[in-house]
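**Q** Quick one: structure below, then a few questions.
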Amino acid sequence: MLSPDQILEKIYAGFIGKAIGVRLGAPVEPTIWSYERIRGTYGEVTQYLRDFKNFAADDDTNGPVYFIRALRDYGLDATAEDVGKTWLNYAAEEHGMYWWGGYGVSTEHTAYRNLRAGIPAPQSGSIATNGTTVAEQIGGQIFIDSWGWVNPGNPEKAAKMSAMAASVAHDGEGLNGARFCAAAIAAAFEAQTIEEVVAVALATIPPESLYARVANAVIAFHKAHPDDWRACRDMLTAEWGYDRYPGVCHIIPNAGVTVMAIVYGRGDLPRTVEIATMAGWDTDCNAGNAGAIVGTFQGLQPGWDKYRKPINDFLVASGVVGSINIVDIPTFARELTVLALELAGREAPALWVEDMTRRGVRFDFDLAGSTHGFRTEGFKQIAVKGSAERHTEDSRGSLEILLDRLERGQGGRVFWKPFYRRADFDDERYRPMFSPLVDAGQTVSFKLWLDPWNGDGNLRIAPYVRRTMSGTIEETGAWHVPSSEGWQEVSFTVPEGDEAIDEIGISIEYFGRLKFLGRLFLADFRIEGAGHARIDPKVETQEWGAISRFTWNRGHWTRQDGRIHAHTAGDADMWTGHYYARDLTVTADIRRLAGTSQLVTARAQGTSRFYAAGFDGDDVVIVKEDFGTTVLARAPFKPETGRSYAFAFSVDGDKLSFSVDGKPVLEAKDASFAYGMVGLRMAAPGRMSVGVVEIVERA
């Protein structure tokens, strides 16, 4: 039986493999890029084809991050209908998450519209509802990796659960793709050869299926021509090509490429994703699926470094939860490990379970080479990597910061980013949205240990935060020389301020006469406690389709005259704050401009699960939304159009209270939601104007 640490390490390797494959294949996606064009332009692909400032979101990784949350929201026996609700709850309509290519064209767009129309899963994705072409596109397999990771060593269960999850949007061969890829990942935890992985996965799908037939055709060709993958690709074009299978990205030709990359890659991740990318067709999807399978099988290897280093343990998602969209890969791997242990009826480590709903971050650098997204800025003589050489009692590793021959006056910054702006990206893939992971009042702590090799002892550091709008560096502690005798703890409180924070770390400066060469180790990085955020629209900007610091779903959100302006023909929401914020008060300056509904929300767990309070016609209300509206309290109140009202909505345990202009007007009790974001909502057509929004959390 695999230990929890072994499961964690395999999932971590597999997810990095997925991220590498997607990043490598994305620049040459169809339909403009063809197999021939890739070959003529790049020849043999042996490195990333594009350097990204930060690689933005991709549907191939959005799905594995978000859809597995059905097990958290609805329990370990979640059904297809529950996964369908998860789609609706975490996807913003027609931006982010997946390809919104049109109803009847994009399988995911089609399924989403069906779900919104009240057609539950699995009918939402069935051939009977959508026809064979739509139901058998490639999405059946590209979103299902997590269902394999949570079933280590149990390919039959992985196949069953993945088909259930994929049935939200797919049917027929699309479900066979889900079964094959998830089962292959599950088998990869314990298999001895990559051929065993493929054989075990194929055993979970009908042998007469097209998916099995194309896979077996590739396997047979490989046996006859084990060193010529391009000849195999020519065979796929001739016998299994896009000309035979309708739609934009049918699963069958791409299944052939995925299996081809796996068998010709011979269990080596870099070669596998390179073949999948060079082969064309749906490059990021095929390289991502093959990378997830082979990454899980092979485990972390030094030979991955040129592809692994730019990933830097960091991934962007583009669901409606801004704090979940900033994905720390080791943390997410730990969450999947907890689910895997629970599904197997095993007990997960208590600290890992606590991490599942942590209001803050805990970076332990336990996993080999893990960096948790730390990066550097300044002179190029500072570099970071994960290290097992020095660690605290509570972890197996640390961040090693190499300081290479600093001269007097040289230095830089080493930091983690808790927030991202549009300017941090040089592409627009799947339009991510973010809200800060860290707020004023929280406690930051970490440990440092200096290992000087050369110099005269005059290297000093100071903890700091950076403000995102102005770029202002705020030192949060005194400059000092780190200890070289052992671990030294650094701790500070995140300072108040109207701007979000987008860097937390240490400034490094050298003022000695001799060149400094040495290392600084950082360990046990934590951010904890209740936060406080004041959002003044005058300070924010309009980007990513709404307002900075917010994610959104439907409606038109702009900044006008220093205020947030909302306009919608239906319902519309915008959210901020941490997903695991608990007891708090959200206040907002609200003006009704037109229509009947102007609300603030709290403990929002997506588009369809939250509490809201505010104006509903000529009443004030507190409501619960859980795929349907329940009015928890109501009282008469006739708001004046154009007048500002001070809303204050408090949630404490199961007690909900709402006041207007400092006067309590409603109370209710409900225990459905224990945590969530805060936000602004219009539940009906109209317009509203919003001034300062403030969130005060309570410990």
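Residues are named by chain letter and number: chains run A, B, ... in the order of the structure tokens, numbers start at 1 in each chain, and ligands are numbered from 1 in the order shown.
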Residues near stretch 208-220 of chain A, anyone? I mean within 10 Å using only C-alpha atoms, not counting same-chain ones fewer than 4 positions away, as a PyMOL selection string.
**A** chain A and resi 172-177+180+195+198-199+201-204+224-226+229+232-233+235-236+239-240+251-261+263-264
**Q** List the neighbours of stretch 671-685 of chain A out to 8 Å using only C-alpha atoms; skip same-chain residues closer than 4 positions along the sequence, and give me the result as a PyMOL selection string.
**A** chain A and resi 321+567-583+586+595-605+610+612+653-654+695
**Q** As an exercise, work out the distance from atom CA of A:Glu540 to atom CA of A:Phe419 in Å and give it to one decimal place.
**A**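 Computed distance, atom CA of A:Glu540 to atom CA of A:Phe419, equals 13.6 Å.
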**Q** Provide the atom CA of A:Arg334 to atom CA of A:Val65 distance in Å, to one decimal place.
**A**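 About the pair atom CA of A:Arg334 and atom CA of A:Val65: they are 12.4 Å apart.
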**Q** Could you name the residues that touch stretch 479-482 of chain A at 12 Å or less, counting only C-alpha atoms, but leaving out those on the same chain fewer than 3 positions away, as a ChimeraX atom specification?
**A** /A:447-452,456-464,475-476,485-490,506-512,519-522
**Q** Using the chain letters and numbers from this document, which residues of stretch 118-297 of chain A does DSSP assign to alpha helix (DSSP H), as a PyMOL selection string?
**A** chain A and resi 127-130+132-135+139-142+145-149+155-166+173-188+194-202+210-224+229-240+251-265+269-278+283-297
**Q** Now that the selection is made, can you save its residues with C-alpha atoms as a tab-separated table (two decimals), in the first residue's frame?
**A**
```
chain	number	residue	atom	x	y	z
A	127	ILE	CA	-25.92	11.87	-27.38
A	128	ALA	CA	-29.70	11.88	-27.15
A	129	THR	CA	-29.63	15.57	-26.20
A	130	ASN	CA	-26.72	16.88	-28.27
A	132	THR	CA	-22.88	12.21	-31.49
A	133	THR	CA	-20.53	14.84	-32.92
A	134	VAL	CA	-20.87	17.25	-29.98
A	135	ALA	CA	-20.83	14.47	-27.38
A	139	GLY	CA	-13.22	17.40	-23.65
A	140	GLY	CA	-14.26	13.96	-22.47
A	141	GLN	CA	-10.67	13.28	-21.45
A	142	ILE	CA	-8.91	16.61	-20.99
A	145	ASP	CA	-6.93	13.86	-14.58
A	146	SER	CA	-7.91	14.57	-10.97
A	147	TRP	CA	-10.31	11.63	-10.96
A	148	GLY	CA	-7.32	9.40	-11.66
A	149	TRP	CA	-5.16	11.05	-9.02
A	155	PRO	CA	-8.05	2.13	-12.21
A	156	GLU	CA	-11.52	0.55	-12.23
A	157	LYS	CA	-12.85	3.12	-9.77
A	158	ALA	CA	-11.01	5.91	-11.56
A	159	ALA	CA	-12.65	4.89	-14.83
A	160	LYS	CA	-16.09	4.77	-13.23
A	161	MET	CA	-15.79	8.13	-11.50
A	162	SER	CA	-14.26	9.86	-14.52
A	163	ALA	CA	-17.04	8.65	-16.82
A	164	MET	CA	-19.58	9.92	-14.30
A	165	ALA	CA	-17.88	13.32	-14.23
A	166	ALA	CA	-17.37	13.51	-18.00
A	173	GLU	CA	-16.41	7.70	-27.18
A	174	GLY	CA	-16.02	10.82	-25.07
A	175	LEU	CA	-16.68	8.72	-21.97
A	176	ASN	CA	-14.23	6.07	-23.14
A	177	GLY	CA	-11.58	8.78	-23.33
A	178	ALA	CA	-12.35	9.77	-19.77
A	179	ARG	CA	-12.14	6.18	-18.59
A	180	PHE	CA	-8.87	5.51	-20.39
A	181	CYS	CA	-6.99	8.61	-19.21
A	182	ALA	CA	-8.15	8.47	-15.59
A	183	ALA	CA	-7.51	4.74	-15.37
A	184	ALA	CA	-4.05	5.22	-16.86
A	185	ILE	CA	-3.22	7.80	-14.19
A	186	ALA	CA	-4.53	5.51	-11.45
A	187	ALA	CA	-2.52	2.59	-12.82
A	188	ALA	CA	0.61	4.75	-13.14
A	194	ILE	CA	4.46	2.24	-19.36
A	195	GLU	CA	3.07	-0.62	-21.48
A	196	GLU	CA	1.36	-1.95	-18.34
A	197	VAL	CA	-0.20	1.47	-17.75
A	198	VAL	CA	-1.70	1.50	-21.24
A	199	ALA	CA	-2.90	-2.12	-21.04
A	200	VAL	CA	-4.59	-1.62	-17.68
A	201	ALA	CA	-6.32	1.53	-18.93
A	202	LEU	CA	-7.54	-0.17	-22.10
A	210	LEU	CA	-13.36	3.18	-31.60
A	211	TYR	CA	-11.16	4.42	-28.77
A	212	ALA	CA	-9.79	0.94	-28.10
A	213	ARG	CA	-9.36	0.29	-31.83
A	214	VAL	CA	-7.31	3.45	-32.47
A	215	ALA	CA	-5.21	2.78	-29.35
A	216	ASN	CA	-4.54	-0.80	-30.44
A	217	ALA	CA	-3.67	0.36	-33.95
A	218	VAL	CA	-1.01	2.63	-32.47
A	219	ILE	CA	0.30	-0.14	-30.20
A	220	ALA	CA	0.55	-2.57	-33.12
A	221	PHE	CA	2.32	0.01	-35.28
A	222	HIS	CA	4.75	0.74	-32.45
A	223	LYS	CA	5.66	-2.94	-32.17
A	224	ALA	CA	6.44	-3.02	-35.87
A	229	TRP	CA	6.81	7.92	-34.33
A	230	ARG	CA	6.40	10.12	-37.42
A	231	ALA	CA	5.51	7.06	-39.49
A	232	CYS	CA	2.90	6.26	-36.85
A	233	ARG	CA	1.58	9.81	-37.13
A	234	ASP	CA	1.28	9.33	-40.91
A	235	MET	CA	-0.71	6.16	-40.26
A	236	LEU	CA	-3.07	8.09	-37.99
A	237	THR	CA	-3.58	10.74	-40.66
A	238	ALA	CA	-4.38	8.11	-43.27
A	239	GLU	CA	-6.64	5.87	-41.17
A	240	TRP	CA	-7.89	7.93	-38.21
A	251	ILE	CA	-11.59	12.62	-29.45
A	252	ILE	CA	-10.61	9.70	-31.72
A	253	PRO	CA	-7.74	11.22	-33.76
A	254	ASN	CA	-6.42	12.85	-30.60
A	255	ALA	CA	-6.68	9.58	-28.68
A	256	GLY	CA	-4.35	8.12	-31.28
A	257	VAL	CA	-1.84	10.91	-30.75
A	258	THR	CA	-2.06	10.62	-26.95
A	259	VAL	CA	-1.38	6.87	-26.97
A	260	MET	CA	1.32	7.34	-29.60
A	261	ALA	CA	3.13	9.91	-27.46
A	262	ILE	CA	2.93	7.63	-24.42
A	263	VAL	CA	4.29	4.50	-26.08
A	264	TYR	CA	6.92	6.22	-28.21
A	265	GLY	CA	7.94	8.39	-25.26
A	269	LEU	CA	8.02	12.79	-19.60
A	270	PRO	CA	10.01	15.28	-21.72
A	271	ARG	CA	10.07	13.03	-24.77
A	272	THR	CA	6.39	12.17	-24.35
A	273	VAL	CA	5.15	15.76	-24.31
A	274	GLU	CA	7.54	16.70	-27.14
A	275	ILE	CA	6.08	14.00	-29.39
A	276	ALA	CA	2.52	15.00	-28.47
A	277	THR	CA	3.30	18.61	-29.35
A	278	MET	CA	5.11	17.86	-32.61
A	283	THR	CA	-1.48	19.83	-28.97
A	284	ASP	CA	-2.01	21.24	-25.48
A	285	CYS	CA	-4.73	18.70	-24.69
A	286	ASN	CA	-2.78	15.68	-25.91
A	287	ALA	CA	0.50	16.77	-24.36
A	288	GLY	CA	-1.35	17.60	-21.13
A	289	ASN	CA	-3.08	14.21	-20.88
A	290	ALA	CA	0.03	12.26	-21.84
A	291	GLY	CA	2.13	14.41	-19.47
A	292	ALA	CA	-0.22	13.71	-16.56
A	293	ILE	CA	-0.06	9.96	-17.14
A	294	VAL	CA	3.68	9.69	-17.72
A	295	GLY	CA	4.50	12.26	-15.03
A	296	THR	CA	2.60	10.18	-12.49
A	297	PHE	CA	4.32	7.01	-13.71
```
**Q** Using only C-alpha atoms, can you tell me which of A:His532, A:Arg396, A:His565, A:Arg592 comes closest to A:Tyr645?
**A** A:Arg592
